[in-house]
$ cat upload.cif   # mmCIF, C-alpha atoms
data_run
loop_
_atom_site.group_PDB
_atom_site.id
_atom_site.type_symbol
_atom_site.label_atom_id
_atom_site.label_comp_id
_atom_site.auth_asym_id
_atom_site.auth_seq_id
_atom_site.Cartn_x
_atom_site.Cartn_y
_atom_site.Cartn_z
ATOM 1 C CA GLY A 1361 0.000 0.000 0.000
ATOM 2 C CA GLY A 1362 0.923 3.664 -0.143
ATOM 3 C CA GLY A 1363 3.513 5.004 -2.523
ATOM 4 C CA LEU A 1364 3.404 8.768 -2.044
ATOM 5 C CA SER A 1365 5.226 10.938 -4.554
ATOM 6 C CA LEU A 1366 5.492 14.428 -6.000
ATOM 7 C CA PHE A 1367 2.826 13.499 -8.543
ATOM 8 C CA LEU A 1368 0.218 12.225 -6.109
ATOM 9 C CA ARG A 1369 -2.216 15.032 -6.934
ATOM 10 C CA SER A 1370 -2.135 14.510 -10.674
ATOM 11 C CA GLU A 1371 -1.596 10.761 -10.883
ATOM 12 C CA GLY A 1372 -2.557 9.179 -7.547
ATOM 13 C CA ILE A 1373 -0.511 7.132 -5.088
ATOM 14 C CA GLY A 1374 1.750 4.266 -6.141
ATOM 15 C CA ALA A 1375 -0.778 1.640 -5.088
ATOM 16 C CA ASP A 1376 -3.234 3.057 -7.624
ATOM 17 C CA PHE A 1377 -0.921 1.937 -10.429
ATOM 18 C CA VAL A 1378 -1.172 -1.776 -9.644
ATOM 19 C CA GLU A 1379 -3.338 -3.292 -12.396
ATOM 20 C CA GLN A 1380 -3.091 -6.956 -11.481
ATOM 21 C CA ALA A 1381 -1.011 -9.401 -9.478
ATOM 22 C CA THR A 1382 -0.310 -13.113 -9.313
ATOM 23 C CA VAL A 1383 -0.771 -14.287 -5.743
ATOM 24 C CA VAL A 1384 -0.052 -17.561 -3.975
ATOM 25 C CA LEU A 1385 -2.777 -17.972 -1.368
ATOM 26 C CA THR A 1386 -2.356 -19.636 2.013
ATOM 27 C CA ASP A 1387 -3.950 -22.853 0.717
ATOM 28 C CA GLY A 1388 -1.428 -23.069 -2.132
ATOM 29 C CA ARG A 1389 -3.686 -21.885 -4.932
ATOM 30 C CA ILE A 1390 -2.187 -19.479 -7.487
ATOM 31 C CA VAL A 1391 -4.653 -16.815 -8.602
ATOM 32 C CA THR A 1392 -4.662 -13.603 -10.606
ATOM 33 C CA ALA A 1393 -6.079 -10.623 -8.771
ATOM 34 C CA ALA A 1394 -7.444 -8.001 -11.150
ATOM 35 C CA ARG A 1395 -10.460 -5.797 -11.697
ATOM 36 C CA GLY A 1396 -13.429 -7.600 -13.211
ATOM 37 C CA THR A 1397 -12.387 -10.981 -11.804
ATOM 38 C CA GLU A 1398 -13.578 -12.975 -8.806
ATOM 39 C CA TYR A 1399 -10.413 -11.848 -7.019
ATOM 40 C CA GLU A 1400 -11.041 -8.117 -7.422
ATOM 41 C CA ASP A 1401 -11.323 -7.772 -3.638
ATOM 42 C CA LEU A 1402 -7.915 -9.406 -3.292
ATOM 43 C CA LEU A 1403 -6.435 -6.782 -5.601
ATOM 44 C CA TRP A 1404 -7.866 -4.077 -3.336
ATOM 45 C CA ALA A 1405 -6.468 -5.840 -0.270
ATOM 46 C CA ILE A 1406 -2.907 -6.207 -1.530
ATOM 47 C CA LYS A 1407 -2.904 -2.529 -2.570
ATOM 48 C CA GLY A 1408 -3.141 -1.508 1.054
ATOM 49 C CA GLY A 1409 -6.411 -2.701 2.513
ATOM 50 C CA GLY A 1410 -5.266 -6.015 3.943
ATOM 51 C CA ALA A 1411 -2.326 -5.314 6.251
ATOM 52 C CA GLY A 1412 0.040 -7.347 4.068
ATOM 53 C CA ASN A 1413 -1.229 -10.824 4.982
ATOM 54 C CA MET A 1414 -3.185 -11.860 1.884
ATOM 55 C CA GLY A 1415 -0.595 -14.175 0.340
ATOM 56 C CA VAL A 1416 2.689 -14.159 -1.551
ATOM 57 C CA ILE A 1417 2.847 -11.955 -4.660
ATOM 58 C CA THR A 1418 5.028 -13.523 -7.356
ATOM 59 C CA ASN A 1419 4.580 -10.840 -10.031
ATOM 60 C CA TYR A 1420 2.465 -7.806 -10.754
ATOM 61 C CA SER A 1421 1.622 -5.360 -13.551
ATOM 62 C CA LEU A 1422 1.785 -1.592 -13.156
ATOM 63 C CA ARG A 1423 0.181 1.230 -15.091
ATOM 64 C CA THR A 1424 2.623 3.994 -16.029
ATOM 65 C CA PHE A 1425 2.294 7.650 -16.990
ATOM 66 C CA SER A 1426 4.440 9.802 -19.229
ATOM 67 C CA ALA A 1427 6.925 12.152 -17.598
ATOM 68 C CA ARG A 1428 6.612 15.747 -18.716
ATOM 69 C CA PRO A 1429 9.327 16.327 -21.356
ATOM 70 C CA GLN A 1430 9.494 20.022 -20.445
ATOM 71 C CA GLY A 1431 10.113 19.126 -16.804
ATOM 72 C CA VAL A 1432 8.444 20.547 -13.714
ATOM 73 C CA LEU A 1433 8.820 23.875 -11.946
ATOM 74 C CA SER A 1434 10.492 23.606 -8.564
ATOM 75 C CA LEU A 1435 10.229 26.112 -5.705
ATOM 76 C CA GLU A 1436 12.675 26.217 -2.804
ATOM 77 C CA VAL A 1437 12.336 28.938 -0.187
ATOM 78 C CA TYR A 1438 13.275 29.512 3.447
ATOM 79 C CA TRP A 1439 11.335 31.437 6.078
ATOM 80 C CA GLN A 1440 12.007 32.241 9.695
ATOM 81 C CA LEU A 1441 9.113 31.533 12.043
ATOM 82 C CA PRO A 1442 7.290 34.803 12.854
ATOM 83 C CA THR A 1443 6.828 35.698 16.493
ATOM 84 C CA GLU A 1444 3.299 37.044 15.901
ATOM 85 C CA LYS A 1445 0.523 34.465 15.998
ATOM 86 C CA ALA A 1446 -1.529 36.243 13.318
ATOM 87 C CA LYS A 1447 1.343 35.990 10.822
ATOM 88 C CA ILE A 1448 1.789 32.279 11.497
ATOM 89 C CA VAL A 1449 -1.939 31.692 10.957
ATOM 90 C CA GLN A 1450 -1.801 33.639 7.680
ATOM 91 C CA PHE A 1451 1.229 31.634 6.598
ATOM 92 C CA LEU A 1452 -0.526 28.327 7.311
ATOM 93 C CA LYS A 1453 -3.784 29.476 5.743
ATOM 94 C CA THR A 1454 -2.069 30.471 2.499
ATOM 95 C CA TRP A 1455 -0.328 27.112 2.401
ATOM 96 C CA THR A 1456 -3.494 25.046 2.840
ATOM 97 C CA GLU A 1457 -5.531 27.188 0.465
ATOM 98 C CA SER A 1458 -2.860 26.812 -2.205
ATOM 99 C CA GLN A 1459 -3.195 23.036 -1.974
ATOM 100 C CA SER A 1460 -6.985 22.768 -1.861
ATOM 101 C CA GLY A 1461 -8.221 22.459 -5.426
ATOM 102 C CA GLN A 1462 -4.747 22.207 -6.982
ATOM 103 C CA LYS A 1463 -5.287 18.565 -7.884
ATOM 104 C CA ASN A 1464 -3.189 18.497 -11.020
ATOM 105 C CA THR A 1465 -0.518 21.034 -10.318
ATOM 106 C CA ALA A 1466 0.914 22.181 -7.008
ATOM 107 C CA PHE A 1467 2.583 19.985 -4.424
ATOM 108 C CA THR A 1468 4.417 21.413 -1.437
ATOM 109 C CA SER A 1469 6.031 20.151 1.725
ATOM 110 C CA TRP A 1470 7.698 22.161 4.442
ATOM 111 C CA LEU A 1471 9.927 21.187 7.276
ATOM 112 C CA VAL A 1472 11.236 22.659 10.482
ATOM 113 C CA LEU A 1473 15.016 22.819 10.381
ATOM 114 C CA LEU A 1474 17.458 22.500 13.260
ATOM 115 C CA PRO A 1475 19.137 23.954 15.173
ATOM 116 C CA GLY A 1476 17.690 26.323 17.732
ATOM 117 C CA LYS A 1477 15.139 29.054 17.733
ATOM 118 C CA PRO A 1478 13.603 30.909 16.080
ATOM 119 C CA TYR A 1479 12.771 27.984 13.849
ATOM 120 C CA THR A 1480 13.588 28.106 10.163
ATOM 121 C CA PHE A 1481 11.200 26.558 7.649
ATOM 122 C CA ARG A 1482 12.279 25.179 4.334
ATOM 123 C CA MET A 1483 9.565 24.758 1.730
ATOM 124 C CA LEU A 1484 9.881 22.716 -1.414
ATOM 125 C CA GLY A 1485 7.252 22.926 -4.116
ATOM 126 C CA ILE A 1486 6.613 21.236 -7.443
ATOM 127 C CA TRP A 1487 4.335 22.606 -10.144
ATOM 128 C CA ASN A 1488 3.351 19.732 -12.433
ATOM 129 C CA GLY A 1489 1.747 21.832 -15.152
ATOM 130 C CA ASP A 1490 2.299 24.701 -17.548
ATOM 131 C CA ILE A 1491 5.665 26.288 -16.694
ATOM 132 C CA ASP A 1492 4.605 29.918 -17.249
ATOM 133 C CA GLU A 1493 1.475 29.444 -15.124
ATOM 134 C CA GLY A 1494 3.646 27.848 -12.467
ATOM 135 C CA ARG A 1495 6.000 30.832 -12.260
ATOM 136 C CA LEU A 1496 3.044 33.156 -11.674
ATOM 137 C CA PHE A 1497 1.559 30.780 -9.110
ATOM 138 C CA TRP A 1498 4.764 30.480 -7.038
ATOM 139 C CA GLU A 1499 5.418 34.223 -7.208
ATOM 140 C CA GLN A 1500 1.934 35.007 -5.900
ATOM 141 C CA TYR A 1501 2.115 32.204 -3.368
ATOM 142 C CA VAL A 1502 5.262 33.566 -1.711
ATOM 143 C CA LYS A 1503 3.717 37.055 -1.563
ATOM 144 C CA ASP A 1504 0.450 35.793 -0.074
ATOM 145 C CA CYS A 1505 2.224 34.014 2.767
ATOM 146 C CA GLY A 1506 2.657 37.406 4.411
ATOM 147 C CA VAL A 1507 6.135 36.575 5.693
ATOM 148 C CA GLU A 1508 9.243 37.869 3.936
ATOM 149 C CA PRO A 1509 11.532 34.977 2.933
ATOM 150 C CA ILE A 1510 15.077 34.937 4.233
ATOM 151 C CA ALA A 1511 17.187 37.002 1.836
ATOM 152 C CA GLU A 1512 18.532 35.229 -1.251
ATOM 153 C CA THR A 1513 16.862 31.892 -0.415
ATOM 154 C CA THR A 1514 14.018 31.820 -2.950
ATOM 155 C CA ASN A 1515 14.811 29.634 -5.948
ATOM 156 C CA VAL A 1516 12.381 28.820 -8.765
ATOM 157 C CA SER A 1517 13.771 26.606 -11.517
ATOM 158 C CA VAL A 1518 12.778 24.099 -14.169
ATOM 159 C CA LEU A 1519 13.930 20.589 -13.305
ATOM 160 C CA SER A 1520 13.666 17.251 -15.005
ATOM 161 C CA VAL A 1521 11.326 14.823 -13.263
ATOM 162 C CA ARG A 1522 14.345 12.773 -12.147
ATOM 163 C CA SER A 1523 16.058 15.820 -10.630
ATOM 164 C CA ALA A 1524 12.876 16.962 -8.886
ATOM 165 C CA VAL A 1525 12.409 13.542 -7.279
ATOM 166 C CA ALA A 1526 16.064 13.471 -6.176
ATOM 167 C CA LEU A 1527 15.746 16.936 -4.610
ATOM 168 C CA HIS A 1528 12.726 15.966 -2.544
ATOM 169 C CA GLN A 1529 14.220 12.628 -1.524
ATOM 170 C CA SER A 1530 17.298 14.409 -0.202
ATOM 171 C CA THR A 1531 15.028 16.558 1.957
ATOM 172 C CA PHE A 1532 14.044 13.589 4.079
ATOM 173 C CA ALA A 1533 17.538 12.151 4.444
ATOM 174 C CA GLY A 1534 19.393 12.358 7.738
ATOM 175 C CA ASP A 1535 18.141 13.520 11.118
ATOM 176 C CA SER A 1536 18.301 17.288 10.772
ATOM 177 C CA PHE A 1537 14.550 17.845 10.718
ATOM 178 C CA ARG A 1538 12.499 18.486 13.801
ATOM 179 C CA GLY A 1539 9.130 17.913 12.182
ATOM 180 C CA VAL A 1540 7.207 17.581 8.937
ATOM 181 C CA ILE A 1541 3.890 19.010 7.817
ATOM 182 C CA ASP A 1542 3.009 17.762 4.362
ATOM 183 C CA ALA A 1543 0.313 19.087 2.060
ATOM 184 C CA ARG A 1544 -0.084 15.898 0.078
ATOM 185 C CA THR A 1545 -3.142 14.903 2.082
ATOM 186 C CA VAL A 1546 -4.800 18.337 2.298
ATOM 187 C CA LYS A 1547 -8.228 18.019 0.688
ATOM 188 C CA GLN A 1548 -9.832 21.198 2.007
ATOM 189 C CA THR A 1549 -8.823 24.383 3.736
ATOM 190 C CA TRP A 1550 -8.270 23.932 7.468
ATOM 191 C CA SER A 1551 -10.493 25.841 9.863
ATOM 192 C CA ASP A 1552 -9.150 28.908 11.663
ATOM 193 C CA ALA A 1553 -9.370 26.986 14.951
ATOM 194 C CA ILE A 1554 -7.002 24.299 13.645
ATOM 195 C CA LEU A 1555 -4.593 26.872 12.237
ATOM 196 C CA GLU A 1556 -4.559 28.816 15.495
ATOM 197 C CA GLY A 1557 -3.906 25.613 17.426
ATOM 198 C CA ILE A 1558 -0.895 24.789 15.229
ATOM 199 C CA ALA A 1559 0.371 28.354 15.634
ATOM 200 C CA ASP A 1560 0.126 28.058 19.423
ATOM 201 C CA LEU A 1561 2.173 24.852 19.345
ATOM 202 C CA MET A 1562 4.821 26.470 17.186
ATOM 203 C CA LEU A 1563 5.122 29.503 19.425
ATOM 204 C CA ALA A 1564 5.328 27.264 22.487
ATOM 205 C CA GLY A 1565 8.078 25.178 20.895
ATOM 206 C CA GLY A 1566 5.694 22.294 20.263
ATOM 207 C CA ALA A 1567 7.724 21.148 17.279
ATOM 208 C CA GLU A 1568 10.302 19.816 19.721
#
$ encode --input "upload.cif" --output "structure tokens"
Amino acid sequence: GGGLSLFLRSEGIGADFVEQATVVLTDGRIVTAARGTEYEDLLWAIKGGGAGNMGVITNYSLRTFSARPQGVLSLEVYWQLPTEKAKIVQFLKTWTESQSGQKNTAFTSWLVLLPGKPYTFRMLGIWNGDIDEGRLFWEQYVKDCGVEPIAETTNVSVLSVRSAVALHQSTFAGDSFRGVIDARTVKQTWSDAILEGIADLMLAGGAE
């Protein structure tokens, strides 16, 4: 199950790409799990709904999608955590609103970096769509956050799909991150109460 990636919003999670699988069941039978067969429920189970105890998978078929030949537009920017609660709430609200409804385009993740306080946030973004539209989107996004980025840290560039994946993978390497808040699962804008609660935790050092 699972299989989260930069292209989750436009293509789905990795488990969605499994078309069929050959499975050895606990009674020794070898079956093909696929949609439209009597083992369709088994296909669902081995894609994440069965806690990994449905049998032994000997081979499987995956659906693929074409990588964008023009690449994707990457955003990298650093902010320092504001000391005013209202600014933190605005920052969080802009982030969640940018994700809600951006099914086929924007993906962002941001992390709290060590060491010490005030905390520094690094945001990485990928725009999986028209490059010119993406430049306008990221430019407006950074402005709407209401917090001035740390000088000379904003970088918007066109990357190949391979390079974009490598950049984001490197983000999660090592132990230098105090916490992660990821927009991949944001389906609607968070309420003000939730945003204010997160802001309170940040100001109190809750990320520790």
$ resolve_selection --input "upload.cif" --expression "the PyMOL selection byres ((chain A and resi 1431) around 10)" --output "number ranges by chain"
A: 1427-1430, 1432-1434, 1487-1491, 1517-1524
$ residues_around --input "upload.cif" --residues "Val1437 of chain A" --least-positions-apart "2" --cutoff "12 Å" --atoms "all atoms listed in the file" --output "MDAnalysis selection string"
chainID A and resid 1434:1435 1439:1440 1468:1471 1480:1485 1498:1499 1501:1503 1505 1507:1517
$ atom_distance --input "upload.cif" --atom1 "atom CA of Ala1526 of chain A" --atom2 "atom CA of Ser1365 of chain A"
11.2 Å
$ atom_distance --input "upload.cif" --atom1 "atom CA of Ala1405 of chain A" --atom2 "atom CA of Glu1371 of chain A"
20.3 Å
$ closest_atom_pairs --input "upload.cif" --of "segment 1402-1456 of chain A" --to "segment 1376-1381 of chain A" --cutoff "6 Å" --atoms "only C-alpha atoms" --output "tab-separated table"
residue	atom	partner	partner_atom	distance
A:Asn1419	CA	A:Ala1381	CA	5.8
A:Tyr1420	CA	A:Ala1381	CA	4.0
A:Ser1421	CA	A:Gln1380	CA	5.4
A:Leu1422	CA	A:Val1378	CA	4.6
A:Arg1423	CA	A:Phe1377	CA	4.8
$ atom_distance --input "upload.cif" --atom1 "atom CA of Glu1444 of chain A" --atom2 "atom CA of Leu1563 of chain A"
8.5 Å
$ residues_around --input "upload.cif" --residues "segment 1385-1387 of chain A" --least-positions-apart "2" --cutoff "7 Å" --atoms "all atoms listed in the file" --output "PDB file with C-alpha atoms, in the frame of the given file"
ATOM      1  CA  VAL A1383      -0.771 -14.287  -5.743  1.00  0.00           C
ATOM      2  CA  ARG A1389      -3.686 -21.885  -4.932  1.00  0.00           C
ATOM      3  CA  ILE A1390      -2.187 -19.479  -7.487  1.00  0.00           C
ATOM      4  CA  MET A1414      -3.185 -11.860   1.884  1.00  0.00           C
ATOM      5  CA  GLY A1415      -0.595 -14.175   0.340  1.00  0.00           C
ATOM      6  CA  VAL A1416       2.689 -14.159  -1.551  1.00  0.00           C
TER       7      VAL A1416
END
$ residues_around --input "upload.cif" --residues "Phe1451 of chain A" --least-positions-apart "5" --cutoff "10 Å" --atoms "all atoms listed in the file" --output "count of residues only"
12
$ residues_around --input "upload.cif" --residues "Ile1554 of chain A" --least-positions-apart "5" --cutoff "10 Å" --atoms "all atoms listed in the file" --output "JSON, numbers by chain"
{"A": [1449, 1452, 1453, 1559, 1560]}
$ write_last_selection --input "upload.cif" --atoms "C-alpha atoms" --output "PDB file, keeping the file's coordinate frame"
ATOM      1  CA  VAL A1449      -1.939  31.692  10.957  1.00  0.00           C
ATOM      2  CA  LEU A1452      -0.526  28.327   7.311  1.00  0.00           C
ATOM      3  CA  LYS A1453      -3.784  29.476   5.743  1.00  0.00           C
ATOM      4  CA  ALA A1559       0.371  28.354  15.634  1.00  0.00           C
ATOM      5  CA  ASP A1560       0.126  28.058  19.423  1.00  0.00           C
TER       6      ASP A1560
END
$ closest_residue --input "upload.cif" --among "A:Ile1486, A:Val1384, A:Leu1402, A:Ile1558" --to "Ser1370 of chain A" --atoms "all atoms listed in the file"
A:Ile1486
$ resolve_selection --input "upload.cif" --expression "the PyMOL selection byres ((chain A and resi 1404) around 10)" --output "MDAnalysis selection string"
chainID A and resid 1361 1375:1376 1378 1380 1393:1395 1399:1403 1405:1410
